[in-house]
Amino acid sequence: MSDALSLEVISRYPSKGKRRTPLLFIHGAFTAAWVWSEHFLDWFAERGWPVHAISLRGHGGSEGHEMLGQWGIDHYVADVMQVIDEIGEAPVLIGHSMGGFVVQKCLTQAEFPAAVLMCSVPPKGLLASSLSMIWSHPDLMGSLSQLMTGGPVDIDSLKDALFAQPASMTDLQRYLMLSQMESQRAIWDMTMFNLINPERLKPVPKLIIGAELDHIIPANQVRDTAETYGVEPVIFPGMGHGLMLERDWEHVADVLNDWLVAVVPDAPKAKKVG
């Protein structure tokens, strides 16, 4: 796509040591790059990884807020590819929730050293998780619908959406202030209009992570995604959807780091398809 916008990218670099393949973190719906800068970016940079977190168009400090409703998943994919060009080499793609769906789409366009899907929207889309939420957590479904249209959302709904572990009121209030509307077009793309054909993805190493107490992308759907791609999932017990913000986020980071060290060699530039 040619409608490139100015995009917020938060970057951290290791202070010393051997240069490693960069990591590019992609946020989920209703959030922005800030979810990664809370803990993950500094933590991974301290372990030698150049790290970058993008705010997709219409999110965080990126341009495009006034046209948010026009942006679909393909626009978000274009944003990621734009930032990859700016990085100058192929990064490991790490996507959370909607960001995981975007990562899967990116893997149909180029080759990357590896990919991580955290509590990711499955390739078959959001329909199953939406039906599950309507049945088991109707109040949460209503709150997410409110947030998508700019309506008020309370602290309890935010906690229910992201956390299974204790979270301070100060943090919850700050996260609520940072949360934002999401593109209904992007949500519909992930529900039925722009789903993923798993056979089109490049066969790169994949780590698929879920949370036992995730109400948005339940653990059984994470297992289905892992089965689709022929890998064993890692399901973190006692944790919720916001794995990178939960009290035990460092346990998640440790598992991710160990996997990266094991599977990611020095990688060449991405090879674009077509």
# chains A, B, ... in the order shown; residues from 1 in each chain; ligands from 1
call {"tool": "residues_around", "arguments": {"residues": "Gly99 in chain A", "least_positions_apart": "6", "cutoff": "10 Å", "atoms": "only C-alpha atoms", "output": "number ranges by chain"}}
result
A: 25-29, 56, 73, 76-77, 80, 93, 105, 117-121
call {"tool": "residues_around", "arguments": {"residues": "range 225-230 of chain A", "least_positions_apart": "3", "cutoff": "6 Å", "atoms": "only C-alpha atoms", "output": "list in words"}}
result
Pro122, Val222 and Pro233 of chain A
call {"tool": "write_last_selection", "arguments": {"atoms": "N, CA, C and O atoms", "output": "mmCIF file, in the first residue's frame"}}
result
data_model
loop_
_atom_site.group_PDB
_atom_site.id
_atom_site.type_symbol
_atom_site.label_atom_id
_atom_site.label_comp_id
_atom_site.auth_asym_id
_atom_site.auth_seq_id
_atom_site.Cartn_x
_atom_site.Cartn_y
_atom_site.Cartn_z
ATOM 1 N N PRO A 122 -6.674 -16.448 16.345
ATOM 2 C CA PRO A 122 -6.378 -17.630 15.532
ATOM 3 C C PRO A 122 -6.501 -17.336 14.037
ATOM 4 O O PRO A 122 -7.158 -16.359 13.632
ATOM 5 N N VAL A 222 -5.752 -21.157 21.565
ATOM 6 C CA VAL A 222 -4.299 -21.118 21.374
ATOM 7 C C VAL A 222 -3.801 -22.513 20.991
ATOM 8 O O VAL A 222 -2.954 -22.665 20.104
ATOM 9 N N PRO A 233 2.106 -25.755 21.988
ATOM 10 C CA PRO A 233 1.924 -24.438 22.604
ATOM 11 C C PRO A 233 2.524 -24.386 24.000
ATOM 12 O O PRO A 233 2.729 -25.417 24.651
#
call {"tool": "atom_distance", "arguments": {"atom1": "CA of Ala115 in chain A", "atom2": "CA of Leu207 in chain A"}}
result
6.5 Å
call {"tool": "closest_residue", "arguments": {"among": "A:Phe30, A:Ile87, A:Lys16, A:Gly64", "to": "Val51 in chain A", "atoms": "only C-alpha atoms"}}
result
A:Ile87
call {"tool": "atom_distance", "arguments": {"atom1": "CA of Ser11 in chain A", "atom2": "CA of Asn257 in chain A"}}
result
17.5 Å
call {"tool": "residues_around", "arguments": {"residues": "Asn197 in chain A", "least_positions_apart": "3", "cutoff": "10 Å", "atoms": "only C-alpha atoms", "output": "MDAnalysis selection string"}}
result
chainID A and resid 104:105 108 123:124 194 200:201
call {"tool": "residues_around", "arguments": {"residues": "Ser183 in chain A", "least_positions_apart": "4", "cutoff": "10 Å", "atoms": "only C-alpha atoms", "output": "NGL selection string"}}
result
:A and (29-30 or 58-59 or 65 or 67-73 or 148-149 or 187-189)
call {"tool": "select_by_dssp", "arguments": {"residues": "range 158-235 of chain A", "states": "strand (DSSP E or B)", "output": "PDB file with N, CA, C and O atoms, in the first residue's frame"}}
result
ATOM      1  N   LYS A 206       8.137 -21.149  14.952  1.00  0.00           N
ATOM      2  CA  LYS A 206       7.048 -20.421  15.610  1.00  0.00           C
ATOM      3  C   LYS A 206       6.954 -20.840  17.061  1.00  0.00           C
ATOM      4  O   LYS A 206       6.976 -22.029  17.375  1.00  0.00           O
ATOM      5  N   LEU A 207       6.823 -19.849  17.931  1.00  0.00           N
ATOM      6  CA  LEU A 207       6.501 -20.077  19.332  1.00  0.00           C
ATOM      7  C   LEU A 207       5.092 -19.564  19.551  1.00  0.00           C
ATOM      8  O   LEU A 207       4.798 -18.397  19.253  1.00  0.00           O
ATOM      9  N   ILE A 208       4.234 -20.427  20.063  1.00  0.00           N
ATOM     10  CA  ILE A 208       2.822 -20.055  20.259  1.00  0.00           C
ATOM     11  C   ILE A 208       2.506 -20.142  21.746  1.00  0.00           C
ATOM     12  O   ILE A 208       2.620 -21.197  22.365  1.00  0.00           O
ATOM     13  N   ILE A 209       2.135 -18.974  22.297  1.00  0.00           N
ATOM     14  CA  ILE A 209       1.978 -18.796  23.734  1.00  0.00           C
ATOM     15  C   ILE A 209       0.535 -18.425  24.052  1.00  0.00           C
ATOM     16  O   ILE A 209      -0.093 -17.646  23.334  1.00  0.00           O
ATOM     17  N   GLY A 210       0.036 -18.984  25.145  1.00  0.00           N
ATOM     18  CA  GLY A 210      -1.293 -18.616  25.616  1.00  0.00           C
ATOM     19  C   GLY A 210      -1.324 -18.516  27.128  1.00  0.00           C
ATOM     20  O   GLY A 210      -0.324 -18.745  27.813  1.00  0.00           O
ATOM     21  N   ALA A 211      -2.474 -18.154  27.662  1.00  0.00           N
ATOM     22  CA  ALA A 211      -2.648 -17.988  29.104  1.00  0.00           C
ATOM     23  C   ALA A 211      -3.852 -18.803  29.562  1.00  0.00           C
ATOM     24  O   ALA A 211      -4.922 -18.756  28.939  1.00  0.00           O
ATOM     25  N   VAL A 234       2.784 -23.178  24.461  1.00  0.00           N
ATOM     26  CA  VAL A 234       3.168 -22.937  25.855  1.00  0.00           C
ATOM     27  C   VAL A 234       2.019 -22.160  26.496  1.00  0.00           C
ATOM     28  O   VAL A 234       1.732 -21.031  26.089  1.00  0.00           O
ATOM     29  N   ILE A 235       1.355 -22.770  27.466  1.00  0.00           N
ATOM     30  CA  ILE A 235       0.232 -22.133  28.150  1.00  0.00           C
ATOM     31  C   ILE A 235       0.676 -21.803  29.575  1.00  0.00           C
ATOM     32  O   ILE A 235       1.032 -22.684  30.343  1.00  0.00           O
TER      33      ILE A 235
END
call {"tool": "atom_distance", "arguments": {"atom1": "CA of Ala128 in chain A", "atom2": "CA of Leu245 in chain A"}}
result
24.9 Å
call {"tool": "closest_residue", "arguments": {"among": "A:Glu232, A:Arg20, A:Ala253, A:Ala164", "to": "Pro205 in chain A", "atoms": "only C-alpha atoms"}}
result
A:Glu232
call {"tool": "closest_residue", "arguments": {"among": "A:Lys202, A:Arg12, A:His52, A:Lys159", "to": "Ala114 in chain A", "atoms": "only C-alpha atoms"}}
result
A:Lys202
call {"tool": "select_by_dssp", "arguments": {"residues": "range 21-255 of chain A", "states": "alpha helix (DSSP H)", "output": "MDAnalysis selection string"}}
result
chainID A and resid 34:37 40:46 73:87 98:106 127:136 138:148 155:162 169:178 184:188 219:229 249:255
call {"tool": "residues_around", "arguments": {"residues": "Asp79 in chain A", "least_positions_apart": "5", "cutoff": "9 Å", "atoms": "only C-alpha atoms", "output": "MDAnalysis selection string"}}
result
chainID A and resid 4:5 7 54:57 74 84
call {"tool": "closest_residue", "arguments": {"among": "A:Glu8, A:Asp160, A:Asp258, A:Asp248", "to": "His39 in chain A", "atoms": "only C-alpha atoms"}}
result
A:Asp248
call {"tool": "residues_around", "arguments": {"residues": "Gly242 in chain A", "least_positions_apart": "6", "cutoff": "9 Å", "atoms": "only C-alpha atoms", "output": "mmCIF file with all heavy atoms, in the first residue's frame"}}
result
data_model
loop_
_atom_site.group_PDB
_atom_site.id
_atom_site.type_symbol
_atom_site.label_atom_id
_atom_site.label_comp_id
_atom_site.auth_asym_id
_atom_site.auth_seq_id
_atom_site.Cartn_x
_atom_site.Cartn_y
_atom_site.Cartn_z
ATOM 1 N N VAL A 35 2.496 -1.044 25.571
ATOM 2 C CA VAL A 35 2.366 -2.306 26.315
ATOM 3 C C VAL A 35 3.690 -3.053 26.394
ATOM 4 O O VAL A 35 3.926 -3.823 27.325
ATOM 5 C CB VAL A 35 1.274 -3.229 25.730
ATOM 6 C CG1 VAL A 35 -0.088 -2.592 25.812
ATOM 7 C CG2 VAL A 35 1.595 -3.667 24.316
ATOM 8 N N HIS A 96 1.028 -9.782 19.804
ATOM 9 C CA HIS A 96 0.080 -10.113 20.862
ATOM 10 C C HIS A 96 -1.338 -9.876 20.373
ATOM 11 O O HIS A 96 -1.649 -8.817 19.833
ATOM 12 C CB HIS A 96 0.350 -9.242 22.093
ATOM 13 C CG HIS A 96 -0.639 -9.444 23.200
ATOM 14 N ND1 HIS A 96 -1.621 -8.519 23.509
ATOM 15 C CD2 HIS A 96 -0.803 -10.464 24.069
ATOM 16 C CE1 HIS A 96 -2.337 -8.963 24.529
ATOM 17 N NE2 HIS A 96 -1.868 -10.141 24.888
ATOM 18 N N CYS A 119 -1.086 -15.138 22.797
ATOM 19 C CA CYS A 119 -2.538 -14.964 22.956
ATOM 20 C C CYS A 119 -3.127 -14.437 21.651
ATOM 21 O O CYS A 119 -3.963 -13.522 21.640
ATOM 22 C CB CYS A 119 -2.852 -14.020 24.109
ATOM 23 S SG CYS A 119 -2.201 -14.550 25.699
ATOM 24 N N ALA A 161 -10.309 -8.043 31.552
ATOM 25 C CA ALA A 161 -9.844 -8.292 30.191
ATOM 26 C C ALA A 161 -8.391 -8.727 30.147
ATOM 27 O O ALA A 161 -8.023 -9.605 29.349
ATOM 28 C CB ALA A 161 -10.026 -7.029 29.340
ATOM 29 N N LEU A 162 -7.547 -8.134 30.978
ATOM 30 C CA LEU A 162 -6.102 -8.324 30.837
ATOM 31 C C LEU A 162 -5.453 -9.165 31.925
ATOM 32 O O LEU A 162 -4.418 -9.793 31.679
ATOM 33 C CB LEU A 162 -5.401 -6.962 30.793
ATOM 34 C CG LEU A 162 -5.681 -6.078 29.585
ATOM 35 C CD1 LEU A 162 -4.920 -4.761 29.721
ATOM 36 C CD2 LEU A 162 -5.321 -6.780 28.288
ATOM 37 N N PHE A 163 -6.015 -9.167 33.123
ATOM 38 C CA PHE A 163 -5.274 -9.689 34.263
ATOM 39 C C PHE A 163 -5.999 -10.829 34.973
ATOM 40 O O PHE A 163 -7.204 -10.769 35.190
ATOM 41 C CB PHE A 163 -5.003 -8.576 35.273
ATOM 42 C CG PHE A 163 -4.171 -7.454 34.729
ATOM 43 C CD1 PHE A 163 -4.777 -6.293 34.255
ATOM 44 C CD2 PHE A 163 -2.795 -7.554 34.668
ATOM 45 C CE1 PHE A 163 -4.019 -5.253 33.738
ATOM 46 C CE2 PHE A 163 -2.026 -6.521 34.153
ATOM 47 C CZ PHE A 163 -2.634 -5.370 33.680
ATOM 48 N N ALA A 164 -5.224 -11.842 35.349
ATOM 49 C CA ALA A 164 -5.695 -12.859 36.278
ATOM 50 C C ALA A 164 -4.959 -12.729 37.601
ATOM 51 O O ALA A 164 -5.433 -13.219 38.623
ATOM 52 C CB ALA A 164 -5.485 -14.254 35.698
ATOM 53 N N ALA A 211 -2.474 -18.154 27.662
ATOM 54 C CA ALA A 211 -2.648 -17.988 29.104
ATOM 55 C C ALA A 211 -3.852 -18.803 29.562
ATOM 56 O O ALA A 211 -4.922 -18.756 28.939
ATOM 57 C CB ALA A 211 -2.836 -16.516 29.459
ATOM 58 N N ASP A 214 -7.134 -16.681 30.163
ATOM 59 C CA ASP A 214 -7.424 -15.650 29.161
ATOM 60 C C ASP A 214 -8.895 -15.738 28.769
ATOM 61 O O ASP A 214 -9.353 -16.766 28.271
ATOM 62 C CB ASP A 214 -6.523 -15.879 27.946
ATOM 63 C CG ASP A 214 -6.570 -14.733 26.946
ATOM 64 O OD1 ASP A 214 -7.528 -13.946 26.970
ATOM 65 O OD2 ASP A 214 -5.634 -14.639 26.127
ATOM 66 N N TRP A 249 5.224 -11.315 34.521
ATOM 67 C CA TRP A 249 5.631 -11.119 33.129
ATOM 68 C C TRP A 249 7.042 -11.629 32.850
ATOM 69 O O TRP A 249 7.329 -12.090 31.737
ATOM 70 C CB TRP A 249 5.568 -9.627 32.774
ATOM 71 C CG TRP A 249 6.551 -8.780 33.545
ATOM 72 C CD1 TRP A 249 6.319 -8.122 34.713
ATOM 73 C CD2 TRP A 249 7.927 -8.536 33.214
ATOM 74 N NE1 TRP A 249 7.454 -7.480 35.141
ATOM 75 C CE2 TRP A 249 8.462 -7.708 34.234
ATOM 76 C CE3 TRP A 249 8.743 -8.921 32.162
ATOM 77 C CZ2 TRP A 249 9.785 -7.278 34.226
ATOM 78 C CZ3 TRP A 249 10.071 -8.490 32.148
ATOM 79 C CH2 TRP A 249 10.574 -7.679 33.170
#
call {"tool": "closest_residue", "arguments": {"among": "A:Ile216, A:Val263, A:Ala53, A:Ile10", "to": "Leu127 in chain A", "atoms": "only C-alpha atoms"}}
result
A:Ile216
call {"tool": "closest_residue", "arguments": {"among": "A:Met239, A:Phe193, A:Pro91, A:Leu172", "to": "Leu107 in chain A", "atoms": "only C-alpha atoms"}}
result
A:Pro91
